file coords_8.pdb (PDB, C-alpha atoms, pLDDT in the B column)
ATOM      1  CA  MET A  74     186.719  54.854 196.585  1.00 45.00           C
ATOM      2  CA  SER A  75     186.110  53.757 193.036  1.00 47.00           C
ATOM      3  CA  THR A  76     188.758  51.662 191.391  1.00 48.00           C
ATOM      4  CA  SER A  77     187.987  53.079 187.946  1.00 66.00           C
ATOM      5  CA  SER A  78     191.000  53.252 185.684  1.00 80.00           C
ATOM      6  CA  ASP A  79     189.405  56.236 183.948  1.00 89.00           C
ATOM      7  CA  PRO A  80     188.490  58.494 186.873  1.00 91.00           C
ATOM      8  CA  ALA A  81     186.274  61.537 186.394  1.00 95.00           C
ATOM      9  CA  THR A  82     188.476  64.626 186.558  1.00 97.00           C
ATOM     10  CA  LEU A  83     188.002  68.361 186.678  1.00 98.00           C
ATOM     11  CA  ALA A  84     190.739  70.312 184.874  1.00 98.00           C
ATOM     12  CA  VAL A  85     191.368  74.012 185.410  1.00 98.00           C
ATOM     13  CA  LEU A  86     193.415  75.901 182.815  1.00 98.00           C
ATOM     14  CA  VAL A  87     195.257  78.950 184.163  1.00 98.00           C
ATOM     15  CA  ARG A  88     196.498  81.850 182.012  1.00 98.00           C
ATOM     16  CA  GLN A  89     200.196  82.332 182.615  1.00 97.00           C
ATOM     17  CA  ASP A  90     200.421  85.701 180.850  1.00 96.00           C
ATOM     18  CA  LEU A  91     198.621  87.555 183.669  1.00 95.00           C
ATOM     19  CA  GLY A  92     201.331  86.996 186.278  1.00 94.00           C
ATOM     20  CA  MET A  93     198.814  86.287 189.040  1.00 95.00           C
ATOM     21  CA  SER A  94     200.066  85.634 192.563  1.00 95.00           C
ATOM     22  CA  THR A  95     199.636  82.221 194.196  1.00 96.00           C
ATOM     23  CA  GLY A  96     196.699  83.443 196.267  1.00 96.00           C
ATOM     24  CA  LYS A  97     194.993  85.062 193.295  1.00 95.00           C
ATOM     25  CA  THR A  98     195.552  81.945 191.173  1.00 97.00           C
ATOM     26  CA  ALA A  99     194.144  79.709 193.903  1.00 98.00           C
ATOM     27  CA  ALA A 100     191.000  81.835 194.288  1.00 97.00           C
ATOM     28  CA  GLN A 101     190.369  81.865 190.522  1.00 97.00           C
ATOM     29  CA  VAL A 102     190.870  78.098 190.265  1.00 98.00           C
ATOM     30  CA  ALA A 103     188.475  77.642 193.198  1.00 98.00           C
ATOM     31  CA  HIS A 104     185.836  79.762 191.426  1.00 97.00           C
ATOM     32  CA  ALA A 105     186.182  77.592 188.320  1.00 98.00           C
ATOM     33  CA  ALA A 106     185.959  74.362 190.321  1.00 98.00           C
ATOM     34  CA  VAL A 107     182.866  75.496 192.234  1.00 97.00           C
ATOM     35  CA  GLY A 108     181.251  76.748 189.015  1.00 97.00           C
ATOM     36  CA  CYS A 109     181.926  73.498 187.175  1.00 98.00           C
ATOM     37  CA  SER A 110     180.784  71.287 190.042  1.00 96.00           C
ATOM     38  CA  LEU A 111     177.493  73.144 190.473  1.00 96.00           C
ATOM     39  CA  LYS A 112     176.857  73.130 186.706  1.00 96.00           C
ATOM     40  CA  ALA A 113     177.693  69.418 186.498  1.00 96.00           C
ATOM     41  CA  ARG A 114     175.330  68.706 189.365  1.00 95.00           C
ATOM     42  CA  LYS A 115     172.512  70.101 187.199  1.00 94.00           C
ATOM     43  CA  GLN A 116     173.639  69.155 183.697  1.00 93.00           C
ATOM     44  CA  ALA A 117     175.518  65.894 184.169  1.00 92.00           C
ATOM     45  CA  MET A 118     174.391  64.397 187.478  1.00 94.00           C
ATOM     46  CA  SER A 119     175.758  60.879 186.950  1.00 93.00           C
ATOM     47  CA  LEU A 120     179.191  62.235 186.021  1.00 94.00           C
ATOM     48  CA  PHE A 121     179.067  64.593 188.983  1.00 96.00           C
ATOM     49  CA  GLU A 122     178.197  61.733 191.378  1.00 95.00           C
ATOM     50  CA  ARG A 123     180.923  59.578 189.872  1.00 95.00           C
ATOM     51  CA  TRP A 124     183.461  62.403 190.272  1.00 95.00           C
ATOM     52  CA  ARG A 125     182.522  62.909 193.926  1.00 94.00           C
ATOM     53  CA  SER A 126     182.675  59.166 194.662  1.00 93.00           C
ATOM     54  CA  GLU A 127     186.130  59.062 193.083  1.00 89.00           C
ATOM     55  CA  HIS A 128     187.400  61.765 195.448  1.00 85.00           C
ATOM     56  CA  GLY A 129     186.781  64.662 193.058  1.00 91.00           C
ATOM     57  CA  ARG A 130     190.098  64.693 191.220  1.00 94.00           C
ATOM     58  CA  ILE A 131     191.225  68.218 190.237  1.00 96.00           C
ATOM     59  CA  VAL A 132     194.192  69.024 188.014  1.00 96.00           C
ATOM     60  CA  VAL A 133     195.574  72.500 187.398  1.00 98.00           C
ATOM     61  CA  LEU A 134     197.192  73.147 184.018  1.00 98.00           C
ATOM     62  CA  ALA A 135     199.062  76.051 182.436  1.00 98.00           C
ATOM     63  CA  ILE A 136     197.996  77.887 179.261  1.00 98.00           C
ATOM     64  CA  ASP A 137     199.680  80.849 177.599  1.00 97.00           C
ATOM     65  CA  GLY A 138     196.813  83.311 177.228  1.00 97.00           C
ATOM     66  CA  ILE A 139     193.279  84.184 176.170  1.00 97.00           C
ATOM     67  CA  GLU A 140     193.525  82.727 172.631  1.00 97.00           C
ATOM     68  CA  GLU A 141     194.331  79.310 174.046  1.00 98.00           C
ATOM     69  CA  LEU A 142     191.584  79.672 176.666  1.00 98.00           C
ATOM     70  CA  ASP A 143     188.989  80.608 174.040  1.00 98.00           C
ATOM     71  CA  ALA A 144     190.029  77.702 171.826  1.00 98.00           C
ATOM     72  CA  HIS A 145     189.538  75.257 174.700  1.00 98.00           C
ATOM     73  CA  ARG A 146     186.209  76.862 175.572  1.00 97.00           C
ATOM     74  CA  GLU A 147     184.952  76.394 171.999  1.00 97.00           C
ATOM     75  CA  GLU A 148     186.172  72.816 172.011  1.00 96.00           C
ATOM     76  CA  ALA A 149     184.281  72.156 175.266  1.00 96.00           C
ATOM     77  CA  GLN A 150     181.118  73.612 173.758  1.00 96.00           C
ATOM     78  CA  THR A 151     181.504  71.478 170.638  1.00 96.00           C
ATOM     79  CA  HIS A 152     181.947  68.312 172.673  1.00 94.00           C
ATOM     80  CA  ARG A 153     179.290  69.325 175.259  1.00 94.00           C
ATOM     81  CA  ILE A 154     181.689  69.139 178.161  1.00 96.00           C
ATOM     82  CA  VAL A 155     180.698  71.084 181.278  1.00 97.00           C
ATOM     83  CA  HIS A 156     182.876  74.195 181.470  1.00 97.00           C
ATOM     84  CA  HIS A 157     183.055  77.442 183.389  1.00 97.00           C
ATOM     85  CA  ALA A 158     185.196  80.466 182.561  1.00 98.00           C
ATOM     86  CA  VAL A 159     185.967  82.867 185.392  1.00 97.00           C
ATOM     87  CA  SER A 160     185.824  86.621 184.808  1.00 93.00           C
ATOM     88  CA  ASP A 161     187.596  88.569 187.485  1.00 83.00           C
ATOM     89  CA  ALA A 162     185.894  91.530 189.146  1.00 77.00           C
ATOM     90  CA  GLY A 163     189.238  93.265 188.818  1.00 73.00           C
ATOM     91  CA  ARG A 164     189.607  94.591 192.320  1.00 72.00           C
ATOM     92  CA  THR A 165     193.172  93.328 192.462  1.00 74.00           C
ATOM     93  CA  GLU A 166     195.955  92.414 190.052  1.00 81.00           C
ATOM     94  CA  VAL A 167     194.008  92.227 186.739  1.00 82.00           C
ATOM     95  CA  ALA A 168     191.668  94.553 184.785  1.00 84.00           C
ATOM     96  CA  PRO A 169     187.894  94.197 185.413  1.00 85.00           C
ATOM     97  CA  GLY A 170     186.298  91.500 183.269  1.00 87.00           C
ATOM     98  CA  THR A 171     189.543  89.705 182.510  1.00 92.00           C
ATOM     99  CA  VAL A 172     188.934  85.998 181.916  1.00 96.00           C
ATOM    100  CA  THR A 173     191.567  84.340 184.091  1.00 97.00           C
ATOM    101  CA  VAL A 174     190.900  80.588 184.120  1.00 98.00           C
ATOM    102  CA  LEU A 175     188.728  77.941 182.459  1.00 98.00           C
ATOM    103  CA  GLY A 176     187.343  74.909 184.235  1.00 98.00           C
ATOM    104  CA  LEU A 177     186.584  71.776 182.179  1.00 98.00           C
ATOM    105  CA  GLY A 178     184.623  68.845 183.524  1.00 96.00           C
ATOM    106  CA  PRO A 179     184.218  66.785 185.537  1.00 97.00           C
ATOM    107  CA  ALA A 180     184.681  64.487 182.554  1.00 96.00           C
ATOM    108  CA  PRO A 181     186.296  61.078 182.099  1.00 95.00           C
ATOM    109  CA  SER A 182     190.090  61.445 182.206  1.00 95.00           C
ATOM    110  CA  SER A 183     190.292  59.722 178.826  1.00 95.00           C
ATOM    111  CA  VAL A 184     188.201  62.522 177.287  1.00 95.00           C
ATOM    112  CA  LEU A 185     190.150  65.309 178.991  1.00 95.00           C
ATOM    113  CA  ASP A 186     193.407  63.687 177.891  1.00 95.00           C
ATOM    114  CA  VAL A 187     192.401  64.174 174.270  1.00 94.00           C
ATOM    115  CA  LEU A 188     191.601  67.845 174.825  1.00 95.00           C
ATOM    116  CA  VAL A 189     194.229  68.997 177.324  1.00 96.00           C
ATOM    117  CA  GLY A 190     196.614  66.061 177.728  1.00 95.00           C
ATOM    118  CA  HIS A 191     199.370  68.081 176.065  1.00 96.00           C
ATOM    119  CA  LEU A 192     199.293  70.848 178.686  1.00 97.00           C
ATOM    120  CA  GLU A 193     201.784  70.999 181.546  1.00 96.00           C
ATOM    121  CA  ALA A 194     200.760  70.942 185.192  1.00 95.00           C
ATOM    122  CA  LEU A 195     201.048  74.285 186.917  1.00 94.00           C
TER     123      LEU A 195
ATOM    124  CA  MET B 221     174.416  91.417 192.185  1.00 44.00           C
ATOM    125  CA  SER B 222     173.523  92.007 195.779  1.00 47.00           C
ATOM    126  CA  THR B 223     174.535  95.296 197.301  1.00 48.00           C
ATOM    127  CA  SER B 224     174.992  93.773 200.751  1.00 66.00           C
ATOM    128  CA  SER B 225     177.629  95.492 202.817  1.00 81.00           C
ATOM    129  CA  ASP B 226     178.281  92.187 204.589  1.00 89.00           C
ATOM    130  CA  PRO B 227     178.703  89.746 201.685  1.00 91.00           C
ATOM    131  CA  ALA B 228     178.771  86.007 202.269  1.00 95.00           C
ATOM    132  CA  THR B 229     182.361  84.840 201.883  1.00 97.00           C
ATOM    133  CA  LEU B 230     184.215  81.568 201.702  1.00 98.00           C
ATOM    134  CA  ALA B 231     187.682  81.692 203.269  1.00 98.00           C
ATOM    135  CA  VAL B 232     190.362  79.073 202.598  1.00 98.00           C
ATOM    136  CA  LEU B 233     193.309  78.846 204.988  1.00 98.00           C
ATOM    137  CA  VAL B 234     196.503  77.485 203.446  1.00 98.00           C
ATOM    138  CA  ARG B 235     199.365  75.950 205.434  1.00 98.00           C
ATOM    139  CA  GLN B 236     202.578  77.765 204.576  1.00 97.00           C
ATOM    140  CA  ASP B 237     204.891  75.247 206.237  1.00 96.00           C
ATOM    141  CA  LEU B 238     204.366  72.612 203.503  1.00 95.00           C
ATOM    142  CA  GLY B 239     206.014  74.630 200.723  1.00 94.00           C
ATOM    143  CA  MET B 240     203.394  73.604 198.164  1.00 95.00           C
ATOM    144  CA  SER B 241     203.732  74.799 194.572  1.00 95.00           C
ATOM    145  CA  THR B 242     201.257  77.241 193.054  1.00 96.00           C
ATOM    146  CA  GLY B 243     199.469  74.454 191.170  1.00 96.00           C
ATOM    147  CA  LYS B 244     199.292  72.212 194.224  1.00 95.00           C
ATOM    148  CA  THR B 245     198.035  75.089 196.368  1.00 97.00           C
ATOM    149  CA  ALA B 246     195.370  75.979 193.793  1.00 98.00           C
ATOM    150  CA  ALA B 247     194.109  72.383 193.576  1.00 97.00           C
ATOM    151  CA  GLN B 248     193.887  72.065 197.367  1.00 97.00           C
ATOM    152  CA  VAL B 249     192.055  75.400 197.679  1.00 98.00           C
ATOM    153  CA  ALA B 250     189.665  74.269 194.946  1.00 98.00           C
ATOM    154  CA  HIS B 251     188.953  71.025 196.842  1.00 97.00           C
ATOM    155  CA  ALA B 252     188.149  73.050 199.972  1.00 98.00           C
ATOM    156  CA  ALA B 253     185.901  75.464 198.062  1.00 98.00           C
ATOM    157  CA  VAL B 254     183.978  72.663 196.346  1.00 97.00           C
ATOM    158  CA  GLY B 255     183.660  70.754 199.644  1.00 97.00           C
ATOM    159  CA  CYS B 256     182.391  73.808 201.507  1.00 98.00           C
ATOM    160  CA  SER B 257     179.953  74.840 198.785  1.00 96.00           C
ATOM    161  CA  LEU B 258     178.396  71.367 198.545  1.00 95.00           C
ATOM    162  CA  LYS B 259     178.146  71.093 202.344  1.00 96.00           C
ATOM    163  CA  ALA B 260     176.612  74.572 202.569  1.00 96.00           C
ATOM    164  CA  ARG B 261     174.091  73.655 199.903  1.00 95.00           C
ATOM    165  CA  LYS B 262     172.828  70.923 202.225  1.00 94.00           C
ATOM    166  CA  GLN B 263     173.418  72.444 205.665  1.00 93.00           C
ATOM    167  CA  ALA B 264     172.926  76.169 205.127  1.00 92.00           C
ATOM    168  CA  MET B 265     170.908  76.606 201.941  1.00 94.00           C
ATOM    169  CA  SER B 266     169.946  80.260 202.449  1.00 93.00           C
ATOM    170  CA  LEU B 267     173.556  81.246 203.103  1.00 94.00           C
ATOM    171  CA  PHE B 268     174.656  79.200 200.105  1.00 96.00           C
ATOM    172  CA  GLU B 269     172.092  80.915 197.841  1.00 95.00           C
ATOM    173  CA  ARG B 270     173.092  84.318 199.194  1.00 95.00           C
ATOM    174  CA  TRP B 271     176.764  83.549 198.559  1.00 95.00           C
ATOM    175  CA  ARG B 272     176.050  82.496 194.975  1.00 94.00           C
ATOM    176  CA  SER B 273     173.897  85.583 194.298  1.00 93.00           C
ATOM    177  CA  GLU B 274     176.707  87.762 195.635  1.00 89.00           C
ATOM    178  CA  HIS B 275     179.173  86.257 193.136  1.00 85.00           C
ATOM    179  CA  GLY B 276     180.579  83.644 195.501  1.00 91.00           C
ATOM    180  CA  ARG B 277     183.372  85.648 197.115  1.00 94.00           C
ATOM    181  CA  ILE B 278     186.442  83.527 197.930  1.00 96.00           C
ATOM    182  CA  VAL B 279     189.441  84.707 199.923  1.00 96.00           C
ATOM    183  CA  VAL B 280     192.678  82.760 200.353  1.00 98.00           C
ATOM    184  CA  LEU B 281     194.593  83.283 203.599  1.00 98.00           C
ATOM    185  CA  ALA B 282     197.928  82.118 204.971  1.00 98.00           C
ATOM    186  CA  ILE B 283     198.396  80.089 208.172  1.00 98.00           C
ATOM    187  CA  ASP B 284     201.629  78.768 209.645  1.00 97.00           C
ATOM    188  CA  GLY B 285     200.835  75.082 210.135  1.00 97.00           C
ATOM    189  CA  ILE B 286     198.615  72.299 211.429  1.00 97.00           C
ATOM    190  CA  GLU B 287     198.175  73.686 214.977  1.00 97.00           C
ATOM    191  CA  GLU B 288     196.688  76.876 213.594  1.00 98.00           C
ATOM    192  CA  LEU B 289     194.532  74.882 211.165  1.00 98.00           C
ATOM    193  CA  ASP B 290     193.203  72.650 213.945  1.00 98.00           C
ATOM    194  CA  ALA B 291     192.448  75.653 216.152  1.00 98.00           C
ATOM    195  CA  HIS B 292     190.401  77.251 213.364  1.00 98.00           C
ATOM    196  CA  ARG B 293     188.641  73.959 212.703  1.00 97.00           C
ATOM    197  CA  GLU B 294     187.607  73.664 216.368  1.00 97.00           C
ATOM    198  CA  GLU B 295     186.443  77.249 216.342  1.00 96.00           C
ATOM    199  CA  ALA B 296     184.318  76.576 213.245  1.00 96.00           C
ATOM    200  CA  GLN B 297     182.762  73.546 214.949  1.00 96.00           C
ATOM    201  CA  THR B 298     182.008  75.570 218.076  1.00 96.00           C
ATOM    202  CA  HIS B 299     180.329  78.334 216.085  1.00 94.00           C
ATOM    203  CA  ARG B 300     178.640  75.866 213.678  1.00 94.00           C
ATOM    204  CA  ILE B 301     180.236  77.374 210.607  1.00 96.00           C
ATOM    205  CA  VAL B 302     180.381  75.159 207.520  1.00 97.00           C
ATOM    206  CA  HIS B 303     183.965  73.958 207.106  1.00 97.00           C
ATOM    207  CA  HIS B 304     185.911  71.419 205.115  1.00 97.00           C
ATOM    208  CA  ALA B 305     189.487  70.299 205.722  1.00 98.00           C
ATOM    209  CA  VAL B 306     191.347  68.772 202.778  1.00 97.00           C
ATOM    210  CA  SER B 307     193.509  65.685 203.287  1.00 93.00           C
ATOM    211  CA  ASP B 308     195.896  65.122 200.430  1.00 83.00           C
ATOM    212  CA  ALA B 309     196.210  61.704 198.859  1.00 77.00           C
ATOM    213  CA  GLY B 310     199.928  62.340 198.883  1.00 73.00           C
ATOM    214  CA  ARG B 311     200.758  61.384 195.337  1.00 73.00           C
ATOM    215  CA  THR B 312     202.860  64.531 194.982  1.00 74.00           C
ATOM    216  CA  GLU B 313     204.706  66.976 197.218  1.00 81.00           C
ATOM    217  CA  VAL B 314     203.272  66.038 200.643  1.00 82.00           C
ATOM    218  CA  ALA B 315     202.916  62.854 202.715  1.00 84.00           C
ATOM    219  CA  PRO B 316     199.650  60.852 202.356  1.00 85.00           C
ATOM    220  CA  GLY B 317     196.916  62.100 204.677  1.00 87.00           C
ATOM    221  CA  THR B 318     198.492  65.487 205.247  1.00 92.00           C
ATOM    222  CA  VAL B 319     195.827  68.117 205.966  1.00 96.00           C
ATOM    223  CA  THR B 320     196.785  70.978 203.665  1.00 97.00           C
ATOM    224  CA  VAL B 321     194.009  73.580 203.753  1.00 98.00           C
ATOM    225  CA  LEU B 322     190.811  74.416 205.636  1.00 98.00           C
ATOM    226  CA  GLY B 323     187.774  75.990 204.030  1.00 98.00           C
ATOM    227  CA  LEU B 324     185.435  78.086 206.203  1.00 98.00           C
ATOM    228  CA  GLY B 325     182.016  79.240 205.075  1.00 96.00           C
ATOM    229  CA  PRO B 326     180.338  80.618 203.130  1.00 97.00           C
ATOM    230  CA  ALA B 327     179.534  82.789 206.125  1.00 96.00           C
ATOM    231  CA  PRO B 328     178.823  86.486 206.552  1.00 95.00           C
ATOM    232  CA  SER B 329     182.060  88.458 206.164  1.00 95.00           C
ATOM    233  CA  SER B 330     181.442  90.061 209.558  1.00 95.00           C
ATOM    234  CA  VAL B 331     181.541  86.593 211.178  1.00 94.00           C
ATOM    235  CA  LEU B 332     184.636  85.474 209.285  1.00 95.00           C
ATOM    236  CA  ASP B 333     186.352  88.747 210.178  1.00 95.00           C
ATOM    237  CA  VAL B 334     186.093  87.853 213.845  1.00 94.00           C
ATOM    238  CA  LEU B 335     187.608  84.405 213.283  1.00 95.00           C
ATOM    239  CA  VAL B 336     190.214  84.993 210.571  1.00 96.00           C
ATOM    240  CA  GLY B 337     190.336  88.773 210.061  1.00 95.00           C
ATOM    241  CA  HIS B 338     193.858  88.853 211.485  1.00 96.00           C
ATOM    242  CA  LEU B 339     195.277  86.504 208.820  1.00 97.00           C
ATOM    243  CA  GLU B 340     197.134  87.797 205.784  1.00 96.00           C
ATOM    244  CA  ALA B 341     196.031  87.154 202.224  1.00 95.00           C
ATOM    245  CA  LEU B 342     198.156  84.614 200.396  1.00 94.00           C
TER     246      LEU B 342
END

call {"tool": "encode", "arguments": {"input": "coords_8.pdb", "output": "structure tokens"}}
result
Amino acid sequence: MSTSSDPATLAVLVRQDLGMSTGKTAAQVAHAAVGCSLKARKQAMSLFERWRSEHGRIVVLAIDGIEELDAHREEAQTHRIVHHAVSDAGRTEVAPGTVTVLGLGPAPSSVLDVLVGHLEAL
Amino acid sequence: MSTSSDPATLAVLVRQDLGMSTGKTAAQVAHAAVGCSLKARKQAMSLFERWRSEHGRIVVLAIDGIEELDAHREEAQTHRIVHHAVSDAGRTEVAPGTVTVLGLGPAPSSVLDVLVGHLEAL
């Protein structure tokens, strides 16, 4: 295990306005984490390898709704941080195409802190 | 999107006896999903590619505790199904080393149905 004081972290932001169940939330967060990790493997291999060697830290954070999600997505694009928004097929709980969660990273914790350090853990 | 009637699916079994929060549960399920997808990419590439092309179906299921988790893990080993158990570092909520969730697959839904079709969705 790395002893880095700035571990690579994957953050997943979860919309709280949709009232998703625990199981639904967990599945959406898993989709975001898989999407981000596979993108990072292609687009940011050294960060991906570092994240895996540091035990693949994942944090789950609460956001209010789609405006906040879109703002964080734009910010990730601006700063070229790997990100993956999950659109739900809408078979259960939410309307088809609803964007439910946004994965950010893996990125250095210090970078994520600037972007989402103000959000509360879910 | 594939029109397969037997889509490749990744199932994550979540211990209900630990009383984990929604955020904790989601993070553990995400660890299992990432672990399974990266293992599948190496050990079962065609199934992995099929799963991705079919939108990477993920289901989250409830189990009572560690005995049930271990039984499913042994079953997965016997049937050579990709699996990944998550041990928590224990910084929050549960004791260090506690095995919290078990990911199974991706595998054909028909195969998973035999093994975990009796479990309820979380």

call {"tool": "resolve_selection", "arguments": {"input": "coords_8.pdb", "expression": "the ChimeraX specification (/B :<8) & /A", "output": "ChimeraX atom specification"}}
result
/A:95-100,102-104,106-107,110,129,131-134,194-195

call {"tool": "atom_distance", "arguments": {"input": "coords_8.pdb", "atom1": "CA of Ala158 (chain A)", "atom2": "CA of Thr171 (chain A)"}}
result
10.2 Å

call {"tool": "closest_residue", "arguments": {"input": "coords_8.pdb", "among": "B:Arg261, B:Thr320, B:Val314, B:Leu335", "to": "Leu289 (chain B)", "atoms": "all atoms listed in the file"}}
result
B:Thr320

call {"tool": "closest_residue", "arguments": {"input": "coords_8.pdb", "among": "A:Gln116, A:Gln89, A:Ser126, A:Thr82", "to": "Leu185 (chain A)", "atoms": "only C-alpha atoms"}}
result
A:Thr82

call {"tool": "atom_distance", "arguments": {"input": "coords_8.pdb", "atom1": "CA of Arg123 (chain A)", "atom2": "CA of Ile154 (chain A)"}}
result
15.1 Å

call {"tool": "residues_near_point", "arguments": {"input": "coords_8.pdb", "point": "(179.3, 81.3, 203.0)", "cutoff": "8 Å", "atoms": "all atoms listed in the file", "output": "list in words"}}
result
Ala228, Thr229, Leu230, Ser257, Ala260, Leu267, Phe268, Arg270, Trp271, Gly276, Val302, Leu324, Gly325, Pro326, Ala327 and Pro328 of chain B

call {"tool": "write_last_selection", "arguments": {"input": "coords_8.pdb", "atoms": "C-alpha atoms", "output": "short mmCIF file (atom, residue, chain, number, x, y, z; two decimals), keeping the file's coordinate frame"}}
result
data_model
loop_
_atom_site.label_atom_id
_atom_site.label_comp_id
_atom_site.auth_asym_id
_atom_site.auth_seq_id
_atom_site.Cartn_x
_atom_site.Cartn_y
_atom_site.Cartn_z
CA ALA B 228 178.77 86.01 202.27
CA THR B 229 182.36 84.84 201.88
CA LEU B 230 184.22 81.57 201.70
CA SER B 257 179.95 74.84 198.78
CA ALA B 260 176.61 74.57 202.57
CA LEU B 267 173.56 81.25 203.10
CA PHE B 268 174.66 79.20 200.10
CA ARG B 270 173.09 84.32 199.19
CA TRP B 271 176.76 83.55 198.56
CA GLY B 276 180.58 83.64 195.50
CA VAL B 302 180.38 75.16 207.52
CA LEU B 324 185.44 78.09 206.20
CA GLY B 325 182.02 79.24 205.08
CA PRO B 326 180.34 80.62 203.13
CA ALA B 327 179.53 82.79 206.12
CA PRO B 328 178.82 86.49 206.55
#

call {"tool": "atom_distance", "arguments": {"input": "coords_8.pdb", "atom1": "CA of Ala168 (chain A)", "atom2": "CA of Met93 (chain A)"}}
result
11.7 Å

call {"tool": "residues_around", "arguments": {"input": "coords_8.pdb", "residues": "Val187 (chain A)", "least_positions_apart": "3", "cutoff": "12 Å", "atoms": "all atoms listed in the file", "output": "PyMOL selection string"}}
result
chain A and resi 145+148-149+152+180-184+190-192

call {"tool": "decode", "arguments": {"input": "coords_8.pdb", "residues": "region 77-135 of chain A", "atoms": "C-alpha atoms", "output": "PDB file, in the first residue's frame"}}
result
ATOM      1  CA  SER A  77       1.042   8.846  -0.178  1.00  0.00           C
ATOM      2  CA  SER A  78      -0.441  11.668   1.839  1.00  0.00           C
ATOM      3  CA  ASP A  79      -2.413  12.706  -1.243  1.00  0.00           C
ATOM      4  CA  PRO A  80      -4.039   9.435  -2.316  1.00  0.00           C
ATOM      5  CA  ALA A  81      -5.791   9.114  -5.667  1.00  0.00           C
ATOM      6  CA  THR A  82      -9.534   9.103  -5.034  1.00  0.00           C
ATOM      7  CA  LEU A  83     -12.677   8.498  -7.021  1.00  0.00           C
ATOM      8  CA  ALA A  84     -15.634  10.632  -5.899  1.00  0.00           C
ATOM      9  CA  VAL A  85     -19.232   9.862  -6.812  1.00  0.00           C
ATOM     10  CA  LEU A  86     -21.828  12.623  -6.452  1.00  0.00           C
ATOM     11  CA  VAL A  87     -25.379  11.389  -5.835  1.00  0.00           C
ATOM     12  CA  ARG A  88     -28.526  13.443  -6.506  1.00  0.00           C
ATOM     13  CA  GLN A  89     -30.591  13.594  -3.347  1.00  0.00           C
ATOM     14  CA  ASP A  90     -33.713  15.007  -5.013  1.00  0.00           C
ATOM     15  CA  LEU A  91     -34.584  11.694  -6.711  1.00  0.00           C
ATOM     16  CA  GLY A  92     -35.281   9.794  -3.492  1.00  0.00           C
ATOM     17  CA  MET A  93     -33.536   6.648  -4.727  1.00  0.00           C
ATOM     18  CA  SER A  94     -33.507   3.560  -2.522  1.00  0.00           C
ATOM     19  CA  THR A  95     -30.256   2.235  -1.046  1.00  0.00           C
ATOM     20  CA  GLY A  96     -30.059  -0.529  -3.640  1.00  0.00           C
ATOM     21  CA  LYS A  97     -30.755   1.827  -6.525  1.00  0.00           C
ATOM     22  CA  THR A  98     -28.203   4.331  -5.204  1.00  0.00           C
ATOM     23  CA  ALA A  99     -25.577   1.611  -4.826  1.00  0.00           C
ATOM     24  CA  ALA A 100     -26.098   0.347  -8.387  1.00  0.00           C
ATOM     25  CA  GLN A 101     -25.843   3.869  -9.841  1.00  0.00           C
ATOM     26  CA  VAL A 102     -22.683   4.615  -7.849  1.00  0.00           C
ATOM     27  CA  ALA A 103     -21.220   1.303  -9.047  1.00  0.00           C
ATOM     28  CA  HIS A 104     -21.957   2.244 -12.677  1.00  0.00           C
ATOM     29  CA  ALA A 105     -20.159   5.560 -12.180  1.00  0.00           C
ATOM     30  CA  ALA A 106     -17.164   3.903 -10.515  1.00  0.00           C
ATOM     31  CA  VAL A 107     -16.818   1.269 -13.245  1.00  0.00           C
ATOM     32  CA  GLY A 108     -17.226   3.923 -15.951  1.00  0.00           C
ATOM     33  CA  CYS A 109     -14.606   6.191 -14.404  1.00  0.00           C
ATOM     34  CA  SER A 110     -12.121   3.392 -13.773  1.00  0.00           C
ATOM     35  CA  LEU A 111     -12.335   2.079 -17.336  1.00  0.00           C
ATOM     36  CA  LYS A 112     -12.037   5.606 -18.776  1.00  0.00           C
ATOM     37  CA  ALA A 113      -9.075   6.371 -16.504  1.00  0.00           C
ATOM     38  CA  ARG A 114      -7.397   3.156 -17.580  1.00  0.00           C
ATOM     39  CA  LYS A 115      -7.403   4.516 -21.148  1.00  0.00           C
ATOM     40  CA  GLN A 116      -7.048   8.256 -20.588  1.00  0.00           C
ATOM     41  CA  ALA A 117      -4.951   8.535 -17.439  1.00  0.00           C
ATOM     42  CA  MET A 118      -3.114   5.235 -16.996  1.00  0.00           C
ATOM     43  CA  SER A 119      -0.560   6.404 -14.421  1.00  0.00           C
ATOM     44  CA  LEU A 120      -3.291   7.897 -12.230  1.00  0.00           C
ATOM     45  CA  PHE A 121      -5.354   4.748 -12.648  1.00  0.00           C
ATOM     46  CA  GLU A 122      -2.407   2.533 -11.613  1.00  0.00           C
ATOM     47  CA  ARG A 123      -1.675   4.799  -8.668  1.00  0.00           C
ATOM     48  CA  TRP A 124      -5.330   4.658  -7.573  1.00  0.00           C
ATOM     49  CA  ARG A 125      -5.373   0.855  -7.744  1.00  0.00           C
ATOM     50  CA  SER A 126      -2.083   0.560  -5.831  1.00  0.00           C
ATOM     51  CA  GLU A 127      -3.513   2.841  -3.147  1.00  0.00           C
ATOM     52  CA  HIS A 128      -6.501   0.533  -2.641  1.00  0.00           C
ATOM     53  CA  GLY A 129      -8.825   2.423  -4.988  1.00  0.00           C
ATOM     54  CA  ARG A 130     -10.315   4.912  -2.546  1.00  0.00           C
ATOM     55  CA  ILE A 131     -13.975   5.742  -3.308  1.00  0.00           C
ATOM     56  CA  VAL A 132     -16.006   8.449  -1.593  1.00  0.00           C
ATOM     57  CA  VAL A 133     -19.734   8.982  -2.026  1.00  0.00           C
ATOM     58  CA  LEU A 134     -21.025  12.543  -1.693  1.00  0.00           C
ATOM     59  CA  ALA A 135     -24.454  14.177  -1.683  1.00  0.00           C
TER      60      ALA A 135
END
